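One structure below.
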Amino acid sequence: MRGVDFETFDARGYRTVDVRTGYGEWVAHYEDTVEDVMDLALLERLAEPPWTAVSRAADLGCGTGRTGQWLRDRGVAHVDGVDVTPEMLELARRRGAHDRLKEADASATGLPGEAYDLVISSLIDEHLDDLGPLYAEAHRLAAPGAAFVLVTYHPHFIMTSGMPTHYTNAEGEPVAIATNVHLISDHIAAGLGAGWRLAELHENVIDDAWLKIKPKWERFRNHPFSAAYTWRKD
């Protein structure tokens, strides 16, 4: 499913670069910008899957290895990761949470099919024009009965804030990374179309815990910021 054109909502007008260029430049400060409350806190709230029951996971768009490390800390024994940005993969290698790291698109990983009891992807779908290939690739990788956990920016927040995924480059210029808006219904259609069954959905609302980290976001209090889906391959 293709997303809504972000330009309709863009309130910043920053120069926009592609994903590989943007994350390659952002890599040195990425983890100073992305807070655990955005994504990892949502994983903590999920009832499915039971993390200790997962033995092998595929981490799509693994970035610096934050999600992989979170999984390993919860007892997942084997994690393979893919990402399109070599600089992010280098940080993931240094972190050491993954058994295998590969430079590849999350929608065409080249990893073995039906080999994982968990496929996971966090905060990457806004960079995809079309959700269908991501859901299809996750389904290909998943063993029967496996879960696909997807953490995503909430479309409401992107539309309301008019804020693209962005960073500040070495020259002090704010730069946007190509951003798309995918409605919740787009995710449902893509997931069902790929053969998944939706097992769980949580939405993360900006609250006091959020505002301790980003007090300037008071105007967004009680607005949903991110969401986490758990899908099952029956």
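The chains in the structure tokens are called A, B, ... from first to last as shown; in each chain the residues are counted from 1, and the ligands are counted from 1 in the order shown.
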
**Item:** Which of chain A fall in strand (DSSP E or B), as JSON, numbers by chain
**Value:** {"A": [2, 4, 15, 16, 17, 56, 57, 58, 59, 60, 78, 79, 80, 81, 82, 83, 100, 101, 102, 103, 105, 108, 116, 117, 118, 119, 120, 121, 122, 130, 142, 143, 144, 145, 146, 147, 148, 149, 150, 151, 152, 153, 166, 167, 168, 174, 175, 176, 177, 181, 197, 198, 199, 200, 201, 202, 203, 204, 205, 224, 225, 226, 227, 228, 229, 230, 231, 232]}

**Item:** Spatial neighbours of Val76 of chain A, 6 Å, only C-alpha atoms, chain gap at least 4 places, as a ChimeraX atom specification
**Value:** /A:54-55,71-72

**Message:** For segment 177-191 of chain A, find every residue with an atom within 6 Å (counting only C-alpha atoms), except residues of its own chain fewer than 3 positions away, and show them as a ChimeraX atom specification.
**Reply:** /A:1,3-4,6,16-19,22,126-127,132,135,155,164-166,194,196

**Asked** Smallest atom-to-atom distance to Phe225 of chain A: which of A:Ile213, A:Val37, A:Pro112, A:Leu128, using only C-alpha atoms?
**Response** A:Val37

**Item:** Top pick for closest residue to Pro50 of chain A, considering A:Trp217, A:Val149, A:Asp130, A:Val27 and counting only C-alpha atoms
**Value:**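 Using only C-alpha atoms, the shortest distance to Pro50 of chain A belongs to A:Val149.
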
**Message:** With DSSP run on the backbone, what are the alpha helix (DSSP H) residues within segment 6-216 of chain A? I'd like them as a PyMOL selection string.
**Reply:** chain A and resi 19-26+30-33+40-45+66-73+86-95+132-141+155-161+184-193+208-213

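Closest to Arg221 of chain A among A:Glu203, A:Asp105, A:Asp208, A:Asp36 is A:Asp208, based on only C-alpha atoms.
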
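Candidate residues A:Arg15, A:Arg232, A:Arg56, A:His156 were compared for distance to Gly75 of chain A, and the nearest is A:Arg56, using only C-alpha atoms.
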
**Message:** Please determine, counting only C-alpha atoms, which residue among A:Ala57, A:Val119, A:Leu198, A:Ala147 has the shortest atom-to-atom distance to His98 of chain A.
**Reply:**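 Closest to His98 of chain A of all the choices is A:Ala57.
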
**Asked** Within 9 Å of Lys233 of chain A, counting only C-alpha atoms, which residues qualify if same-chain residues fewer than 4 places away don't, as a PyMOL selection string?
**Response** chain A and resi 139+142-148+195-197

Keeping N, CA and C atoms for every residue in the selection just given, could you write it to a file as a PDB file, in the first residue's frame?
```
ATOM      1  N   HIS A 139       6.861 -11.846   5.709  1.00  0.00           N
ATOM      2  CA  HIS A 139       6.109 -13.107   5.663  1.00  0.00           C
ATOM      3  C   HIS A 139       6.968 -14.227   5.079  1.00  0.00           C
ATOM      4  N   ALA A 142       9.434 -15.447   7.766  1.00  0.00           N
ATOM      5  CA  ALA A 142       8.859 -15.993   8.991  1.00  0.00           C
ATOM      6  C   ALA A 142       8.551 -17.481   8.862  1.00  0.00           C
ATOM      7  N   ALA A 143       8.900 -18.232   9.882  1.00  0.00           N
ATOM      8  CA  ALA A 143       8.498 -19.635   9.974  1.00  0.00           C
ATOM      9  C   ALA A 143       7.008 -19.705  10.299  1.00  0.00           C
ATOM     10  N   PRO A 144       6.346 -20.824  10.029  1.00  0.00           N
ATOM     11  CA  PRO A 144       4.944 -20.966  10.421  1.00  0.00           C
ATOM     12  C   PRO A 144       4.764 -20.703  11.912  1.00  0.00           C
ATOM     13  N   GLY A 145       3.779 -19.877  12.235  1.00  0.00           N
ATOM     14  CA  GLY A 145       3.517 -19.523  13.620  1.00  0.00           C
ATOM     15  C   GLY A 145       4.339 -18.355  14.128  1.00  0.00           C
ATOM     16  N   ALA A 146       5.257 -17.845  13.322  1.00  0.00           N
ATOM     17  CA  ALA A 146       6.139 -16.759  13.751  1.00  0.00           C
ATOM     18  C   ALA A 146       5.388 -15.431  13.856  1.00  0.00           C
ATOM     19  N   ALA A 147       6.032 -14.467  14.504  1.00  0.00           N
ATOM     20  CA  ALA A 147       5.471 -13.128  14.677  1.00  0.00           C
ATOM     21  C   ALA A 147       6.249 -12.120  13.847  1.00  0.00           C
ATOM     22  N   PHE A 148       5.547 -11.089  13.424  1.00  0.00           N
ATOM     23  CA  PHE A 148       6.163  -9.912  12.808  1.00  0.00           C
ATOM     24  C   PHE A 148       5.770  -8.722  13.662  1.00  0.00           C
ATOM     25  N   GLY A 195      -0.787 -12.072   4.015  1.00  0.00           N
ATOM     26  CA  GLY A 195      -1.100 -13.334   4.682  1.00  0.00           C
ATOM     27  C   GLY A 195      -0.952 -13.309   6.191  1.00  0.00           C
ATOM     28  N   TRP A 196      -0.748 -12.141   6.773  1.00  0.00           N
ATOM     29  CA  TRP A 196      -0.597 -12.036   8.216  1.00  0.00           C
ATOM     30  C   TRP A 196      -1.954 -11.935   8.912  1.00  0.00           C
ATOM     31  N   ARG A 197      -1.983 -12.310  10.183  1.00  0.00           N
ATOM     32  CA  ARG A 197      -3.131 -12.080  11.067  1.00  0.00           C
ATOM     33  C   ARG A 197      -2.708 -11.089  12.145  1.00  0.00           C
TER      34      ARG A 197
END
```

**Request:** Would you mind telling me which residue in A:Leu91, A:Met163, A:Gly193, A:Glu103 lies nearest to Arg20 of chain A when using only C-alpha atoms?
**Result:**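 Once distances to Arg20 of chain A are computed over only C-alpha atoms, the minimum belongs to A:Glu103.
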
**Request:** May I ask for the distance between atom CA of Asp80 of chain A and atom CA of Asp125 of chain A, given in Å to one decimal place?
**Result:**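 Separation between atom CA of Asp80 of chain A and atom CA of Asp125 of chain A: 18.8 Å.
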
**For Tyr229 of chain A: contacts at 9 Å, only C-alpha atoms, fewer than 2 positions along chain excluded, given as a list in words** =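 Residues near the query, excluding close chain neighbours: Leu46, Phe148, Val149, Leu150, Val151, Thr152, Leu198, Ala199, Glu200, Leu201, His202, Glu203, Ala227 and Trp231 of chain A.
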
**Prompt:** Can you list, as JSON, numbers by chain, every protein, DNA or RNA residue that comes within 12 Å of Arg219 of chain A when you count only C-alpha atoms, leaving out same-chain residues fewer than 4 positions away?
**Reply:** {"A": [157, 160, 161, 206, 207, 211, 214, 215, 223]}

**Within 12 Å of Gly110 of chain A using only C-alpha atoms, minus same-chain residues under 2 positions, as a list in words** =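 In the requested form, the answer reads Ala58, Leu60, Asp80, Gly81, Val82, Asp83, Leu101, Lys102, Glu103, Ala104, Asp105, Ala106, Ser107, Ala108, Pro112, Gly113, Ala115, Glu137, Ala138, Arg140 and Leu141 of chain A.
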